[in-house]
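Text of query-v4.cif, listed as mmCIF, C-alpha atoms:
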```
data_work
#
loop_
_atom_site.label_atom_id
_atom_site.label_comp_id
_atom_site.auth_asym_id
_atom_site.auth_seq_id
_atom_site.Cartn_x
_atom_site.Cartn_y
_atom_site.Cartn_z
CA MET A 1 -18.04 15.35 26.49
CA GLU A 2 -21.44 14.22 25.29
CA ASN A 3 -21.14 15.68 21.85
CA GLU A 4 -22.99 13.77 19.25
CA THR A 5 -22.85 14.07 15.50
CA ARG A 6 -26.08 13.54 13.65
CA VAL A 7 -26.21 12.91 9.92
CA ALA A 8 -29.59 12.88 8.22
CA ILE A 9 -29.78 10.06 5.70
CA SER A 10 -31.99 10.22 2.63
CA SER A 11 -29.72 9.72 -0.37
CA SER A 12 -26.59 7.92 -1.47
CA ALA A 13 -24.60 11.15 -0.98
CA ASP A 14 -25.62 11.11 2.70
CA ILE A 15 -24.12 7.64 3.06
CA VAL A 16 -20.78 9.14 2.03
CA THR A 17 -21.19 12.03 4.49
CA ALA A 18 -22.04 9.63 7.33
CA ARG A 19 -18.98 7.47 6.80
CA GLN A 20 -16.71 10.50 6.46
CA GLN A 21 -18.04 11.97 9.70
CA GLY A 22 -17.66 8.58 11.39
CA ARG A 23 -14.10 8.25 10.18
CA ALA A 24 -13.29 11.77 11.39
CA LEU A 25 -14.68 11.08 14.88
CA ALA A 26 -12.92 7.69 15.09
CA ASP A 27 -9.69 9.38 14.06
CA GLU A 28 -10.15 11.97 16.82
CA LEU A 29 -10.71 9.16 19.32
CA GLY A 30 -7.39 7.56 18.37
CA PHE A 31 -8.35 4.66 16.10
CA ASP A 32 -5.67 3.65 13.62
CA GLY A 33 -5.77 3.24 9.84
CA SER A 34 -7.33 -0.16 9.36
CA ASP A 35 -9.88 0.40 12.14
CA LEU A 36 -10.84 3.73 10.55
CA THR A 37 -11.59 1.95 7.30
CA VAL A 38 -13.45 -0.84 9.08
CA ILE A 39 -15.62 1.67 10.99
CA ALA A 40 -16.31 3.74 7.85
CA THR A 41 -17.27 0.60 5.94
CA ALA A 42 -19.65 -0.58 8.68
CA ILE A 43 -21.30 2.86 8.75
CA SER A 44 -21.67 2.71 4.99
CA GLU A 45 -23.51 -0.61 5.23
CA VAL A 46 -25.99 0.44 7.93
CA ALA A 47 -26.58 3.83 6.28
CA ARG A 48 -27.34 2.13 2.97
CA ASN A 49 -29.76 -0.11 4.78
CA VAL A 50 -31.62 3.01 5.89
CA VAL A 51 -31.75 4.44 2.34
CA MET A 52 -32.83 1.15 0.77
CA HIS A 53 -35.44 0.05 3.23
CA ALA A 54 -36.73 3.19 4.88
CA LYS A 55 -35.85 5.95 2.39
CA GLN A 56 -34.77 8.18 5.23
CA GLY A 57 -33.43 8.16 8.72
CA GLU A 58 -30.35 9.23 10.61
CA ILE A 59 -26.92 8.16 11.77
CA LEU A 60 -25.77 9.23 15.23
CA LEU A 61 -22.11 9.13 16.11
CA ARG A 62 -20.62 9.54 19.56
CA ALA A 63 -17.74 8.60 21.82
CA VAL A 64 -18.47 5.96 24.49
CA GLN A 65 -16.69 4.89 27.62
CA ASN A 66 -17.05 1.75 29.70
CA GLY A 67 -14.60 1.66 32.58
CA ASN A 68 -11.21 1.91 30.95
CA LYS A 69 -12.53 1.10 27.53
CA ARG A 70 -13.22 3.86 25.08
CA GLY A 71 -14.80 3.55 21.70
CA ILE A 72 -17.14 4.89 19.08
CA LYS A 73 -20.84 4.24 19.05
CA VAL A 74 -22.82 4.36 15.83
CA ILE A 75 -26.60 4.36 15.78
CA ALA A 76 -28.58 4.00 12.56
CA ARG A 77 -32.22 4.83 13.07
CA ASP A 78 -35.18 4.95 10.75
CA GLU A 79 -38.93 4.96 10.88
CA GLY A 80 -39.35 2.62 7.95
CA SER A 81 -41.35 -0.55 7.74
CA GLY A 82 -39.11 -2.47 10.13
CA ILE A 83 -37.68 -5.93 9.61
CA LYS A 84 -40.11 -8.84 9.75
CA ASN A 85 -37.56 -11.54 10.29
CA VAL A 86 -34.43 -10.27 12.00
CA GLU A 87 -32.82 -13.69 12.12
CA LYS A 88 -33.09 -13.98 8.36
CA ALA A 89 -31.93 -10.41 7.79
CA MET A 90 -28.83 -11.21 9.81
CA GLN A 91 -28.01 -14.27 7.73
CA TYR A 92 -25.04 -13.67 5.50
CA GLY A 93 -26.11 -13.67 1.88
CA TYR A 94 -29.83 -13.35 2.61
CA SER A 95 -31.21 -10.42 0.67
CA SER A 96 -34.67 -8.96 0.47
CA GLY A 97 -33.90 -8.32 -3.18
CA LYS A 98 -32.03 -5.06 -3.38
CA GLY A 99 -28.59 -5.78 -1.99
CA LEU A 100 -25.96 -8.46 -1.68
CA GLY A 101 -27.36 -9.58 1.65
CA VAL A 102 -24.08 -8.62 3.21
CA GLY A 103 -24.87 -5.27 4.79
CA LEU A 104 -26.15 -6.00 8.29
CA PRO A 105 -24.28 -9.24 8.98
CA GLY A 106 -21.17 -7.65 7.46
CA ALA A 107 -21.43 -4.61 9.73
CA LYS A 108 -21.76 -6.95 12.71
CA TRP A 109 -18.53 -8.70 11.76
CA LEU A 110 -16.72 -5.42 11.33
CA MET A 111 -17.72 -3.97 14.70
CA ASP A 112 -17.30 -5.29 18.26
CA ASP A 113 -20.83 -4.83 19.61
CA PHE A 114 -23.92 -4.96 17.45
CA GLU A 115 -27.55 -4.76 18.40
CA ILE A 116 -30.66 -4.47 16.30
CA GLU A 117 -34.09 -3.39 17.50
CA THR A 118 -36.93 -3.41 15.05
CA GLN A 119 -40.69 -3.20 15.09
CA VAL A 120 -42.74 -3.95 12.00
CA GLY A 121 -44.41 -0.76 10.86
CA GLU A 122 -42.38 1.43 13.21
CA GLY A 123 -38.79 1.27 12.19
CA THR A 124 -35.37 -0.09 12.92
CA LYS A 125 -32.52 0.93 15.19
CA VAL A 126 -29.07 -0.54 14.80
CA THR A 127 -26.54 0.22 17.53
CA MET A 128 -22.92 -0.76 17.08
CA ILE A 129 -19.68 -0.04 18.91
CA LYS A 130 -16.02 -0.39 18.08
CA TRP A 131 -13.71 -0.34 21.10
CA LEU A 132 -10.21 1.08 21.06
CA LYS A 133 -7.61 -1.66 21.55
CA MET B 1 -18.36 13.06 -8.52
CA HIS B 2 -17.80 12.35 -12.20
CA VAL B 3 -15.03 9.86 -12.99
CA PRO B 4 -12.85 10.89 -15.96
CA ILE B 5 -12.29 8.12 -18.51
CA LEU B 6 -9.13 8.34 -20.61
CA LYS B 7 -8.49 6.48 -23.82
CA GLN B 8 -5.08 4.89 -24.12
CA GLY B 9 -4.69 2.88 -27.31
CA ASP B 10 -7.44 0.32 -27.21
CA CYS B 11 -7.70 0.55 -23.45
CA LEU B 12 -9.79 2.82 -21.29
CA ILE B 13 -8.57 4.11 -17.96
CA ALA B 14 -11.18 5.24 -15.45
CA SER B 15 -9.33 7.12 -12.79
CA VAL B 16 -11.44 7.65 -9.69
CA GLN B 17 -10.57 11.11 -8.30
CA SER B 18 -12.57 11.26 -5.09
CA VAL B 19 -14.98 9.28 -2.95
CA LEU B 20 -17.92 7.91 -4.90
CA SER B 21 -21.54 7.67 -3.87
CA ASP B 22 -23.71 4.78 -5.02
CA ALA B 23 -25.14 7.03 -7.73
CA ASP B 24 -21.61 7.92 -8.93
CA LEU B 25 -20.73 4.23 -9.15
CA LEU B 26 -23.77 3.49 -11.28
CA GLN B 27 -22.91 6.45 -13.50
CA LEU B 28 -19.39 5.06 -13.95
CA ARG B 29 -20.84 1.68 -14.91
CA ASP B 30 -23.05 3.24 -17.58
CA ASP B 31 -20.28 5.54 -18.88
CA LEU B 32 -17.88 2.62 -19.29
CA ALA B 33 -20.44 0.48 -21.08
CA ASP B 34 -20.95 3.35 -23.55
CA ARG B 35 -17.29 4.16 -24.06
CA VAL B 36 -16.23 0.58 -24.66
CA GLY B 37 -18.60 0.56 -27.62
CA GLN B 38 -17.67 4.05 -28.77
CA PHE B 39 -13.91 3.41 -28.76
CA ARG B 40 -14.04 -0.32 -29.47
CA SER B 41 -11.89 -0.83 -26.36
CA ARG B 42 -10.54 -4.25 -25.46
CA GLY B 43 -9.31 -3.49 -21.99
CA VAL B 44 -10.53 -1.30 -19.12
CA ILE B 45 -8.62 -0.24 -16.03
CA ILE B 46 -10.51 1.16 -13.06
CA ASP B 47 -8.14 2.89 -10.67
CA VAL B 48 -9.64 2.96 -7.16
CA THR B 49 -6.51 4.15 -5.33
CA VAL B 50 -8.33 7.08 -3.71
CA LEU B 51 -11.31 5.07 -2.45
CA ASP B 52 -11.18 4.77 1.34
CA VAL B 53 -14.20 2.48 1.50
CA ILE B 54 -15.23 -0.35 -0.82
CA ASP B 55 -18.38 -1.73 0.73
CA SER B 56 -20.88 -4.32 -0.47
CA PHE B 57 -22.55 -1.96 -2.93
CA ALA B 58 -19.27 -0.82 -4.47
CA THR B 59 -18.10 -4.42 -4.74
CA ARG B 60 -21.32 -5.50 -6.37
CA THR B 61 -21.16 -2.62 -8.82
CA LEU B 62 -17.51 -3.26 -9.73
CA ARG B 63 -18.34 -6.90 -10.32
CA ALA B 64 -21.30 -5.92 -12.49
CA VAL B 65 -19.14 -3.50 -14.49
CA ALA B 66 -16.51 -6.18 -15.17
CA HIS B 67 -19.11 -8.73 -16.22
CA MET B 68 -20.96 -6.25 -18.43
CA LEU B 69 -17.76 -5.13 -20.14
CA LYS B 70 -16.74 -8.74 -20.64
CA LEU B 71 -19.98 -9.28 -22.51
CA ARG B 72 -19.06 -6.26 -24.62
CA GLY B 73 -15.67 -7.82 -25.39
CA ALA B 74 -13.44 -5.95 -22.96
CA GLU B 75 -11.35 -7.22 -20.03
CA THR B 76 -11.54 -5.20 -16.80
CA VAL B 77 -8.84 -4.86 -14.22
CA ILE B 78 -9.33 -3.07 -10.90
CA VAL B 79 -6.17 -1.43 -9.62
CA GLY B 80 -5.10 0.37 -6.47
CA ILE B 81 -7.17 -1.25 -3.71
CA GLN B 82 -5.52 0.04 -0.54
CA PRO B 83 -4.34 -2.39 2.16
CA ASP B 84 -6.84 -1.14 4.78
CA VAL B 85 -9.64 -1.35 2.23
CA ALA B 86 -8.63 -4.90 1.29
CA PHE B 87 -8.62 -5.78 5.01
CA ALA B 88 -12.16 -4.45 5.52
CA MET B 89 -13.38 -6.19 2.35
CA VAL B 90 -12.05 -9.52 3.55
CA GLN B 91 -13.71 -9.01 6.94
CA LEU B 92 -16.97 -8.30 5.15
CA GLY B 93 -16.55 -11.47 3.09
CA LEU B 94 -16.44 -9.47 -0.15
CA THR B 95 -14.54 -10.81 -3.14
CA LEU B 96 -13.88 -9.74 -6.69
CA GLU B 97 -13.74 -13.30 -7.90
CA GLY B 98 -13.31 -13.69 -11.64
CA ILE B 99 -12.22 -10.09 -12.04
CA GLY B 100 -8.70 -8.92 -12.78
CA THR B 101 -6.97 -6.97 -10.03
CA ALA B 102 -3.52 -5.44 -9.96
CA LEU B 103 -1.45 -3.41 -7.55
CA ASP B 104 -1.42 -0.15 -9.48
CA LEU B 105 -1.88 1.40 -12.90
CA GLU B 106 1.44 0.11 -14.21
CA GLU B 107 0.67 -3.45 -13.15
CA GLY B 108 -2.82 -3.07 -14.56
CA LEU B 109 -1.47 -2.21 -18.00
CA ALA B 110 0.94 -5.14 -17.77
CA TYR B 111 -1.96 -7.39 -16.77
CA LEU B 112 -3.97 -6.39 -19.83
CA ASP B 113 -0.92 -7.03 -22.00
CA HIS B 114 -0.86 -10.61 -20.81
CA VAL B 115 -4.54 -11.29 -21.27
CA PRO B 116 -4.66 -13.37 -24.43
CA ARG B 117 -6.33 -11.17 -26.97
CA LYS B 118 -5.65 -10.51 -30.58
CA ASN B 119 -3.99 -7.28 -31.66
CA LEU B 120 -4.17 -5.47 -28.35
CA LYS B 121 -1.69 -2.63 -28.24
CA HIS B 122 -1.50 0.28 -25.89
CA GLY B 123 -1.04 3.59 -27.60
CA LYS B 124 2.19 5.34 -26.87
#
```

Take the structure in this file and express it as structure tokens.
Amino acid sequence: MENETRVAISSSADIVTARQQGRALADELGFDGSDLTVIATAISEVARNVVMHAKQGEILLRAVQNGNKRGIKVIARDEGSGIKNVEKAMQYGYSSGKGLGVGLPGAKWLMDDFEIETQVGEGTKVTMIKWLK
Amino acid sequence: MHVPILKQGDCLIASVQSVLSDADLLQLRDDLADRVGQFRSRGVIIDVTVLDVIDSFATRTLRAVAHMLKLRGAETVIVGIQPDVAFAMVQLGLTLEGIGTALDLEEGLAYLDHVPRKNLKHGK
């Protein structure tokens, strides 16, 4: 049951692979069309964050269960420079210069659960879950 | 994945054939900027029917393409955004404000016909 898909992220092509794998797993878990797109889009945003700010990292995809609830868990992990000001990074439209400033806050809106752990100089870990309705 | 660009009268049609990476999107932007000059095109249609994800980067790039081409004298219209993709874009707060959009290729051509420009004709 605990099968996890890992996608190494170091280029823009890997972002595409990560969201395709995420979509495939979500499809297997029973998510419908618009949720599949929402999940793939959220993965795209967090994977791009890895490429832009840490150069490389990984996306982990797995099924989760909490009581009767089932869902998909996505973890984006890197060992980049970390985020100095998480509050600011989570503000819609705030950008450190490279993006639209939509990526992380956007992913949070798209998913049900969203958590970000970061340590300056050590890296960032974003964990997000979409639950099946 | 390279996006083929067809010339149709004084319009260009960029027909996206498969998912695009960020690098592919930037390549498309540069190709279109070149072709508009080469063919003296007045209208550009970008058909994104096959795209299953239009995220913040894709949106930003499409906006940049449209604005660049406008500066080069061509109108851009994005066609074929799928309903699920539109839904996710709205949830992300992404817009294509100021850029032409149409349901599909046919509507896109009709849209360009109605943009007030001198002497625009689609080749038959």

Fill in: Pick from B:Ala88, B:Leu25, B:Val53, B:Ile78 nearest to Ser44 (chain A), counting only C-alpha atoms
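Answer, going by the shortest atom-to-atom distance: B:Val53.
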
Worksheet item: If you measure from CA of Ala8 (chain A) to CA of Leu60 (chain A), what distance in Å do you get, rounded to one decimal?
Response: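 A separation of 8.8 Å between them.
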
Against chain B, which residues of chain A fall within 8 Å? For each one I want the closest pair of atoms and the distance in Å (one decimal), counting all atoms listed in the file, rows by chain and increasing residue number, as JSON lines.
```
{"residue": "A:Ser12", "atom": "CA", "partner": "B:Asp22", "partner_atom": "CA", "distance": 5.5}
{"residue": "A:Ala13", "atom": "CA", "partner": "B:Ser21", "partner_atom": "CA", "distance": 5.5}
{"residue": "A:Ile15", "atom": "CA", "partner": "B:Ser21", "partner_atom": "CA", "distance": 7.4}
{"residue": "A:Val16", "atom": "CA", "partner": "B:Ser21", "partner_atom": "CA", "distance": 6.1}
{"residue": "A:Gly33", "atom": "CA", "partner": "B:Asp84", "partner_atom": "CA", "distance": 6.8}
{"residue": "A:Ser34", "atom": "CA", "partner": "B:Asp84", "partner_atom": "CA", "distance": 4.7}
{"residue": "A:Thr37", "atom": "CA", "partner": "B:Asp84", "partner_atom": "CA", "distance": 6.2}
{"residue": "A:Val38", "atom": "CA", "partner": "B:Ala88", "partner_atom": "CA", "distance": 5.2}
{"residue": "A:Ala40", "atom": "CA", "partner": "B:Val53", "partner_atom": "CA", "distance": 6.8}
{"residue": "A:Thr41", "atom": "CA", "partner": "B:Val53", "partner_atom": "CA", "distance": 5.7}
{"residue": "A:Ser44", "atom": "CA", "partner": "B:Asp55", "partner_atom": "CA", "distance": 7.0}
{"residue": "A:Glu45", "atom": "CA", "partner": "B:Asp55", "partner_atom": "CA", "distance": 6.9}
{"residue": "A:Gly99", "atom": "CA", "partner": "B:Phe57", "partner_atom": "CA", "distance": 7.2}
{"residue": "A:Leu100", "atom": "CA", "partner": "B:Ser56", "partner_atom": "CA", "distance": 6.7}
{"residue": "A:Val102", "atom": "CA", "partner": "B:Ser56", "partner_atom": "CA", "distance": 6.5}
{"residue": "A:Gly103", "atom": "CA", "partner": "B:Ser56", "partner_atom": "CA", "distance": 6.7}
{"residue": "A:Gly106", "atom": "CA", "partner": "B:Leu92", "partner_atom": "CA", "distance": 4.8}
{"residue": "A:Ala107", "atom": "CA", "partner": "B:Leu92", "partner_atom": "CA", "distance": 7.4}
{"residue": "A:Trp109", "atom": "CA", "partner": "B:Leu92", "partner_atom": "CA", "distance": 6.8}
{"residue": "A:Leu110", "atom": "CA", "partner": "B:Gln91", "partner_atom": "CA", "distance": 6.4}
```

Item to complete: Just give me the gap between CA of Ala14 (chain B) and CA of Thr49 (chain B) in Å, one decimal is fine.
Response: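 Answer for the CA of Ala14 (chain B) to CA of Thr49 (chain B) separation: 11.2 Å.
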
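Proximity ranking of A:Ile116, A:Leu36, A:Ala89, A:Met52 relative to Lys130 (chain A) places A:Leu36 first, based on all atoms listed in the file.
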
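The space separating CA of Val77 (chain B) from CA of Ser15 (chain B) comes to 12.1 Å.
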
Practice prompt. Determine, counting all atoms listed in the file, which protein, DNA and RNA residues have an atom within 7 Å of an atom of Ile39 (chain A); residues of the same chain fewer than 4 positions away are not included. Present the result as an MDAnalysis selection string.
Written response: chainID A and resid 23 35 43

Would you translate the PyMOL selection byres ((chain A and resi 84) around 8) into the concrete set of residues it matches in this file, as an mmCIF file with C-alpha atoms, in the coordinates of the input?
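expr_26.cif written:
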```cif
data_model
loop_
_atom_site.group_PDB
_atom_site.id
_atom_site.type_symbol
_atom_site.label_atom_id
_atom_site.label_comp_id
_atom_site.auth_asym_id
_atom_site.auth_seq_id
_atom_site.Cartn_x
_atom_site.Cartn_y
_atom_site.Cartn_z
ATOM 1 C CA GLY A 82 -39.110 -2.470 10.130
ATOM 2 C CA ILE A 83 -37.680 -5.930 9.610
ATOM 3 C CA ASN A 85 -37.560 -11.540 10.290
ATOM 4 C CA VAL A 86 -34.430 -10.270 12.000
ATOM 5 C CA GLN A 119 -40.690 -3.200 15.090
ATOM 6 C CA VAL A 120 -42.740 -3.950 12.000
#
```

Discussion item. Nearest residue to Asn49 (chain A) out of A:Gly80, A:Gly121, A:Gly30, A:Gly93, using only C-alpha atoms?
Written reply: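 Using only C-alpha atoms, the shortest distance to Asn49 (chain A) belongs to A:Gly80.
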
Item to complete: Show which residues sit within 9 Å of Leu112 (chain B), as a PyMOL selection string. Count all atoms listed in the file, and ignore same-chain residues fewer than 5 positions away.
Response: chain B and resi 11+42-45+75-77+100+107+117+120

Worksheet item: From the set B:Ile46, B:Leu32, B:Met68, B:Val3, which residue has the shortest atom-to-atom contact distance to Gly108 (chain B), counting only C-alpha atoms?
Response: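 The closest residue to Gly108 (chain B) is B:Ile46.
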
Discussion item. So, with all atoms listed in the file as the atoms that count, which of B:Ala64, B:Leu51, B:Val36, B:Leu103 lies closest to Leu12 (chain B)?
Written reply: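 Looking at the shortest contact to Leu12 (chain B), the residue is B:Val36.
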